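As provided, structure-v3.cif (mmCIF, C-alpha atoms and all ligand atoms) reads as follows.
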data_final
#
loop_
_atom_site.group_PDB
_atom_site.id
_atom_site.type_symbol
_atom_site.label_atom_id
_atom_site.label_comp_id
_atom_site.auth_asym_id
_atom_site.auth_seq_id
_atom_site.Cartn_x
_atom_site.Cartn_y
_atom_site.Cartn_z
ATOM 1 C CA MET D 1 -9.368 23.839 -16.594
ATOM 2 C CA PHE D 2 -7.545 25.549 -19.456
ATOM 3 C CA ARG D 3 -6.161 23.769 -22.486
ATOM 4 C CA ILE D 4 -2.810 22.115 -21.986
ATOM 5 C CA SER D 5 -0.170 22.868 -24.625
ATOM 6 C CA HIS D 6 1.853 20.222 -26.451
ATOM 7 C CA ARG D 7 4.892 21.126 -24.403
ATOM 8 C CA ALA D 8 2.937 20.746 -21.177
ATOM 9 C CA THR D 9 1.567 17.404 -22.387
ATOM 10 C CA ALA D 10 5.112 16.073 -22.825
ATOM 11 C CA LEU D 11 6.028 17.394 -19.376
ATOM 12 C CA ILE D 12 2.949 15.742 -17.864
ATOM 13 C CA ASP D 13 3.659 12.373 -19.527
ATOM 14 C CA ASP D 14 7.217 12.474 -18.213
ATOM 15 C CA LEU D 15 6.134 13.472 -14.696
ATOM 16 C CA VAL D 16 3.416 10.789 -14.572
ATOM 17 C CA GLU D 17 5.824 8.047 -15.642
ATOM 18 C CA LYS D 18 8.390 9.046 -13.018
ATOM 19 C CA ALA D 19 5.740 9.562 -10.341
ATOM 20 C CA VAL D 20 4.278 6.081 -10.912
ATOM 21 C CA GLU D 21 7.747 4.523 -10.509
ATOM 22 C CA TRP D 22 8.282 6.591 -7.362
ATOM 23 C CA VAL D 23 4.893 5.661 -5.835
ATOM 24 C CA ASP D 24 5.407 1.941 -6.528
ATOM 25 C CA SER D 25 8.935 1.925 -5.082
ATOM 26 C CA GLN D 26 7.950 3.967 -1.997
ATOM 27 C CA ARG D 27 4.938 1.741 -1.408
ATOM 28 C CA ASP D 28 7.112 -1.379 -1.552
ATOM 29 C CA ALA D 29 9.808 0.174 0.659
ATOM 30 C CA HIS D 30 7.364 1.119 3.443
ATOM 31 C CA ARG D 31 4.627 -1.525 3.262
ATOM 32 C CA ALA D 32 6.353 -4.346 5.210
ATOM 33 C CA SER D 33 7.020 -2.141 8.281
ATOM 34 C CA ALA D 34 3.664 -0.356 8.229
ATOM 35 C CA PHE D 35 0.794 -0.819 10.713
ATOM 36 C CA PRO D 36 -3.003 -0.952 10.240
ATOM 37 C CA LEU D 37 -5.322 1.974 11.000
ATOM 38 C CA PRO D 38 -4.932 2.338 14.795
ATOM 39 C CA GLU D 39 -7.548 2.732 17.487
ATOM 40 C CA PRO D 40 -9.236 4.945 18.568
ATOM 41 C CA GLU D 41 -9.128 6.589 15.111
ATOM 42 C CA ARG D 42 -10.280 3.377 13.397
ATOM 43 C CA THR D 43 -13.615 3.397 15.261
ATOM 44 C CA LEU D 44 -14.234 6.997 14.133
ATOM 45 C CA ILE D 45 -13.117 6.589 10.511
ATOM 46 C CA ALA D 46 -14.279 3.068 9.554
ATOM 47 C CA PRO D 47 -18.041 3.879 9.315
ATOM 48 C CA PHE D 48 -17.259 6.309 6.461
ATOM 49 C CA PHE D 49 -15.593 3.657 4.280
ATOM 50 C CA THR D 50 -17.814 0.954 2.804
ATOM 51 C CA GLY D 51 -15.167 -0.703 0.610
ATOM 52 C CA LYS D 52 -11.783 -2.292 1.272
ATOM 53 C CA THR D 53 -9.999 0.950 2.169
ATOM 54 C CA VAL D 54 -9.843 0.505 5.943
ATOM 55 C CA SER D 55 -8.758 -3.142 5.798
ATOM 56 C CA GLN D 56 -6.035 -2.430 3.218
ATOM 57 C CA VAL D 57 -4.526 0.869 4.385
ATOM 58 C CA ARG D 58 -1.228 0.762 6.291
ATOM 59 C CA PHE D 59 0.677 3.587 7.975
ATOM 60 C CA ARG D 60 4.310 4.169 8.759
ATOM 61 C CA HIS D 61 6.064 6.924 10.709
ATOM 62 C CA ILE D 62 9.249 8.373 9.265
ATOM 63 C CA PRO D 63 11.341 11.345 10.510
ATOM 64 C CA GLU D 64 10.587 13.521 7.473
ATOM 65 C CA ILE D 65 9.133 13.027 3.980
ATOM 66 C CA GLU D 66 11.903 13.118 1.385
ATOM 67 C CA ASN D 67 11.738 15.012 -1.893
ATOM 68 C CA PRO D 68 11.748 12.728 -4.924
ATOM 69 C CA ALA D 69 14.785 13.430 -7.130
ATOM 70 C CA PHE D 70 12.701 13.723 -10.314
ATOM 71 C CA LEU D 71 10.850 16.812 -9.030
ATOM 72 C CA GLY D 72 14.022 18.802 -8.409
ATOM 73 C CA PHE D 73 13.324 21.326 -11.159
ATOM 74 C CA VAL D 74 9.593 21.830 -10.608
ATOM 75 C CA GLU D 75 8.231 24.928 -8.872
ATOM 76 C CA ASP D 76 4.826 25.640 -7.367
ATOM 77 C CA SER D 77 2.423 28.526 -8.098
ATOM 78 C CA ASP D 78 4.472 30.851 -5.848
ATOM 79 C CA GLY D 79 7.651 30.041 -7.764
ATOM 80 C CA ARG D 80 9.039 27.882 -4.976
ATOM 81 C CA PRO D 81 10.329 24.373 -5.474
ATOM 82 C CA LEU D 82 7.909 21.746 -4.225
ATOM 83 C CA ASP D 83 9.029 20.676 -0.775
ATOM 84 C CA PHE D 84 7.646 17.364 0.429
ATOM 85 C CA SER D 85 9.503 17.713 3.745
ATOM 86 C CA GLN D 86 6.788 20.244 4.714
ATOM 87 C CA MET D 87 4.020 17.657 4.358
ATOM 88 C CA ALA D 88 2.460 15.864 7.345
ATOM 89 C CA GLY D 89 1.578 12.774 5.325
ATOM 90 C CA ILE D 90 1.682 11.285 1.862
ATOM 91 C CA THR D 91 -0.133 8.289 0.370
ATOM 92 C CA PHE D 92 1.594 5.756 -1.858
ATOM 93 C CA ASN D 93 -1.330 3.698 -3.196
ATOM 94 C CA ASP D 94 -2.452 1.717 -0.105
ATOM 95 C CA THR D 95 0.427 2.752 2.154
ATOM 96 C CA VAL D 96 0.624 6.080 3.996
ATOM 97 C CA VAL D 97 3.788 7.668 5.337
ATOM 98 C CA LEU D 98 3.428 10.084 8.264
ATOM 99 C CA SER D 99 6.084 12.699 9.029
ATOM 100 C CA ASP D 100 7.272 12.866 12.639
ATOM 101 C CA ALA D 101 8.383 16.452 11.939
ATOM 102 C CA TYR D 102 4.718 17.564 11.928
ATOM 103 C CA PHE D 103 3.132 14.904 14.107
ATOM 104 C CA GLU D 104 2.690 17.048 17.246
ATOM 105 C CA GLU D 105 0.844 19.865 15.477
ATOM 106 C CA THR D 106 -1.417 17.662 13.357
ATOM 107 C CA ASP D 107 -5.022 16.686 14.085
ATOM 108 C CA LEU D 108 -4.352 12.957 13.745
ATOM 109 C CA VAL D 109 -7.872 11.707 13.040
ATOM 110 C CA SER D 110 -8.351 14.310 10.273
ATOM 111 C CA LEU D 111 -4.965 13.470 8.752
ATOM 112 C CA LEU D 112 -5.650 9.720 8.774
ATOM 113 C CA PHE D 113 -9.132 10.290 7.294
ATOM 114 C CA HIS D 114 -7.673 12.505 4.534
ATOM 115 C CA GLU D 115 -5.031 9.931 3.599
ATOM 116 C CA CYS D 116 -7.689 7.151 3.608
ATOM 117 C CA VAL D 117 -9.592 9.216 1.016
ATOM 118 C CA HIS D 118 -6.475 9.141 -1.172
ATOM 119 C CA VAL D 119 -6.226 5.343 -0.725
ATOM 120 C CA ALA D 120 -9.830 5.046 -1.950
ATOM 121 C CA GLN D 121 -9.016 7.336 -4.911
ATOM 122 C CA TYR D 122 -6.056 5.102 -5.826
ATOM 123 C CA GLN D 123 -8.351 2.048 -5.663
ATOM 124 C CA GLN D 124 -10.788 3.595 -8.127
ATOM 125 C CA LEU D 125 -8.212 5.109 -10.508
ATOM 126 C CA GLY D 126 -5.205 2.774 -10.219
ATOM 127 C CA VAL D 127 -1.729 4.186 -9.560
ATOM 128 C CA GLU D 128 -1.265 5.463 -13.125
ATOM 129 C CA GLY D 129 -4.775 6.969 -13.296
ATOM 130 C CA PHE D 130 -4.354 8.618 -9.902
ATOM 131 C CA MET D 131 -0.998 10.170 -10.814
ATOM 132 C CA ARG D 132 -2.228 11.327 -14.237
ATOM 133 C CA SER D 133 -5.245 13.047 -12.689
ATOM 134 C CA TYR D 134 -3.070 14.509 -9.920
ATOM 135 C CA VAL D 135 -0.313 15.839 -12.191
ATOM 136 C CA GLU D 136 -2.762 17.159 -14.845
ATOM 137 C CA GLY D 137 -4.815 18.815 -12.109
ATOM 138 C CA TRP D 138 -1.708 20.442 -10.732
ATOM 139 C CA VAL D 139 -0.265 21.653 -14.062
ATOM 140 C CA SER D 140 -3.611 22.879 -15.448
ATOM 141 C CA ASN D 141 -4.284 24.850 -12.242
ATOM 142 C CA GLY D 142 -1.027 26.807 -12.319
ATOM 143 C CA MET D 143 0.880 24.410 -10.008
ATOM 144 C CA ASP D 144 -1.495 25.253 -7.141
ATOM 145 C CA TYR D 145 -1.633 22.260 -4.784
ATOM 146 C CA PHE D 146 -4.997 23.234 -3.267
ATOM 147 C CA ALA D 147 -6.628 23.455 -6.718
ATOM 148 C CA ILE D 148 -5.806 19.835 -7.625
ATOM 149 C CA PRO D 149 -9.243 18.160 -7.939
ATOM 150 C CA LEU D 150 -8.139 15.009 -6.059
ATOM 151 C CA GLU D 151 -6.922 17.226 -3.176
ATOM 152 C CA ARG D 152 -10.063 19.366 -3.214
ATOM 153 C CA ASP D 153 -12.143 16.181 -2.997
ATOM 154 C CA ALA D 154 -10.027 14.903 -0.096
ATOM 155 C CA TYR D 155 -10.241 18.227 1.797
ATOM 156 C CA ASP D 156 -14.006 18.521 1.122
ATOM 157 C CA LEU D 157 -14.705 15.016 2.417
ATOM 158 C CA GLU D 158 -12.378 15.568 5.386
ATOM 159 C CA ARG D 159 -14.343 18.744 6.236
ATOM 160 C CA GLN D 160 -17.658 16.847 6.006
ATOM 161 C CA PHE D 161 -16.256 14.216 8.367
ATOM 162 C CA ARG D 162 -15.045 16.820 10.869
ATOM 163 C CA ALA D 163 -18.338 18.754 10.729
ATOM 164 C CA ALA D 164 -20.499 15.682 11.395
ATOM 165 C CA PRO D 165 -18.380 12.776 12.714
ATOM 166 C CA ASN D 166 -21.524 10.915 13.786
ATOM 167 C CA ARG D 167 -23.204 11.073 10.367
ATOM 168 C CA PRO D 168 -21.336 8.557 8.208
ATOM 169 C CA PHE D 169 -21.580 8.562 4.420
ATOM 170 C CA SER D 170 -19.786 6.390 1.873
ATOM 171 C CA VAL D 171 -16.488 8.061 0.969
ATOM 172 C CA GLU D 172 -16.038 5.589 -1.908
ATOM 173 C CA GLY D 173 -19.495 6.514 -3.230
ATOM 174 C CA ALA D 174 -18.748 10.233 -2.960
ATOM 175 C CA ILE D 175 -15.424 9.783 -4.777
ATOM 176 C CA ALA D 176 -17.069 7.779 -7.593
ATOM 177 C CA LEU D 177 -19.640 10.558 -8.120
ATOM 178 C CA ARG D 178 -16.987 13.274 -8.185
ATOM 179 C CA LEU D 179 -14.769 11.336 -10.622
ATOM 180 C CA LYS D 180 -17.771 10.658 -12.873
ATOM 181 C CA SER D 181 -18.773 14.337 -12.877
ATOM 182 C CA ARG D 182 -15.311 15.273 -14.201
ATOM 183 C CA ALA D 183 -14.941 12.404 -16.701
HETATM 184 ZN ZN ZN H 201 -4.058 15.130 0.224
#

I'd like the structure from this file rewritten - as structure tokens, please.
Amino acid sequence: MFRISHRATALIDDLVEKAVEWVDSQRDAHRASAFPLPEPERTLIAPFFTGKTVSQVRFRHIPEIENPAFLGFVEDSDGRPLDFSQMAGITFNDTVVLSDAYFEETDLVSLLFHECVHVAQYQQLGVEGFMRSYVEGWVSNGMDYFAIPLERDAYDLERQFRAAPNRPFSVEGAIALRLKSRA
């Protein structure tokens, strides 16, 4: 991770503040209509979560994930604006929104597992801590989504799950170790 300039620090603070507001409002908007982790995916995923993640997570289908207005000016590492409508799912604290636009082509159990990892990350970091780590990880890695440490952790753990679905480990424990190693 390279050093973040003063200008970038101000940008990060501003992005984190707006992102926290966005996450809280999206969570509240979707939570009441959301459903618990469904079967048969629950049976496959639950052994990997030793904490409250599986009992607290809720999911909701929507036609397409909308871009938050506050990110209108931000571009990714390829110079393109971030486009949330291309995402299959997004986690707002304990509530996950799934895009119908990508539902057919998505491996559902992997997607639900991945989003459950984010729920567990939110539990350990809080909404503000999660967004600060996420935004700093994104800015300090040249706006490359796949280099964000919280995403790398989620993809790593998702890969471990897919490679050995019958060998459960504690996702919460693995997350705590990874967060500690970067603290
Ligand atoms: Zn993710």

With the cut-off set at 7 Å and counting all atoms listed in the file, tabulate each residue of chain D with an atom at most that distance from an atom of ligand ZN 201 (chain H), showing the nearest atom pair and its distance in Å to one decimal, ordered by chain and increasing number, as JSON lines.
{"residue": "D:His114", "atom": "CA", "partner": "H:ZN201", "partner_atom": "ZN", "distance": 6.2}
{"residue": "D:Glu115", "atom": "CA", "partner": "H:ZN201", "partner_atom": "ZN", "distance": 6.3}
{"residue": "D:His118", "atom": "CA", "partner": "H:ZN201", "partner_atom": "ZN", "distance": 6.6}
{"residue": "D:Glu151", "atom": "CA", "partner": "H:ZN201", "partner_atom": "ZN", "distance": 4.9}
{"residue": "D:Ala154", "atom": "CA", "partner": "H:ZN201", "partner_atom": "ZN", "distance": 6.0}

Taking the file as shown, find all residues satisfying the PyMOL selection byres (((chain D and resi 61) around 8) and not hetatm) and write them as a VMD selection string. chain D and resid 59 to 60 62 to 63 97 to 100

Could you turn the residues from that selection into a file that holds C-alpha atoms, as an mmCIF file, keeping the file's coordinate frame?
data_model
loop_
_atom_site.group_PDB
_atom_site.id
_atom_site.type_symbol
_atom_site.label_atom_id
_atom_site.label_comp_id
_atom_site.auth_asym_id
_atom_site.auth_seq_id
_atom_site.Cartn_x
_atom_site.Cartn_y
_atom_site.Cartn_z
ATOM 1 C CA PHE D 59 0.677 3.587 7.975
ATOM 2 C CA ARG D 60 4.310 4.169 8.759
ATOM 3 C CA ILE D 62 9.249 8.373 9.265
ATOM 4 C CA PRO D 63 11.341 11.345 10.510
ATOM 5 C CA VAL D 97 3.788 7.668 5.337
ATOM 6 C CA LEU D 98 3.428 10.084 8.264
ATOM 7 C CA SER D 99 6.084 12.699 9.029
ATOM 8 C CA ASP D 100 7.272 12.866 12.639
#

So which one's closest to Thr43 in chain D, D:Thr91, D:Gln124, D:Asn166, D:Gln26? Using only C-alpha atoms, please.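 Closest candidate: D:Asn166.
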
Show which residues sit within 9 Å of Ala8 in chain D, as a PyMOL selection string. Count all atoms listed in the file, and ignore same-chain residues fewer than 4 positions away. chain D and resi 4+12-13+139-140

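Among D:Tyr122, D:Trp138, D:Trp22, D:Tyr155, the residue with the shortest atom-to-atom distance to Asn67 in chain D, counting all atoms listed in the file, is D:Trp22.
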
Shortest interatomic distance to Gly51 in chain D - which of D:Gln123, D:Phe113, D:Leu71, D:Arg182, counting only C-alpha atoms: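 Among the listed residues, the smallest separation from Gly51 in chain D belongs to D:Gln123.
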
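Separating CA of Gly137 in chain D from CA of Leu11 in chain D is a distance of 13.1 Å.
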
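Contact shell of Leu179 in chain D at 12 Å (all atoms listed in the file; same-chain neighbours under 5 positions omitted): Ala120, Gln121, Tyr122, Gln124, Leu125, Gly129, Phe130, Ser133, Pro149, Leu150, Arg152, Asp153, Glu172, Gly173 and Ala174 of chain D.
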
Using all atoms listed in the file, find all polymer residues with an atom at most 12 Å away from the point (-21.8, 13.8, 11.4); report them as a PyMOL selection string. chain D and resi 44-45+47-48+157-169

Here's the selection I'm unsure about, the PyMOL selection byres (((chain D and resi 73-83) around 10) and not hetatm); applied to the file above, which residues does it give, as a PyMOL selection string? chain D and resi 15+65-72+84-87+138-139+141-145

I'd like the interatomic distance between CA of Asn93 in chain D and CA of Val119 in chain D, to a tenth of an Å.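 CA of Asn93 in chain D sits 5.7 Å away from CA of Val119 in chain D.
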
Under the rule that all atoms listed in the file are counted, which of D:Arg42, D:Arg27, D:Lys52, D:Arg132 is the nearest residue to Thr95 in chain D? D:Arg27

From D:Ile148, D:Ala10, D:Val96, D:Val135, residue lying nearest Asp28 in chain D [all atoms listed in the file]: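 Looking at the shortest contact to Asp28 in chain D, the residue is D:Val96.
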
Which centre and edge lengths in Å to one decimal define the box along x, y and z that fits every listed atom of range 32-41 of chain D plus 3 Å per side, as lines of an AutoDock Vina configuration file?
center_x = -1.1
center_y = 1.1
center_z = 11.9
size_x = 22.3
size_y = 16.9
size_z = 19.4

To one decimal place, how far is CA of Arg31 in chain D from CA of Glu136 in chain D in Å?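 Result for CA of Arg31 in chain D versus CA of Glu136 in chain D: 27.0 Å, one decimal.
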
Please provide the set of residues having any atom within 9 Å of Leu37 in chain D, restricted to all atoms listed in the file, with same-chain residues fewer than 4 positions apart removed, written as a VMD selection string. chain D and resid 41 to 42 54 to 59 112

Choose the residue, out of D:Tyr134, D:Phe92, D:Phe103, D:Phe146, that has the smallest atom-to-atom separation from Asp24 in chain D; count all atoms listed in the file.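 Of D:Tyr134, D:Phe92, D:Phe103, D:Phe146, the one nearest Asp24 in chain D, counting all atoms listed in the file, is D:Phe92.
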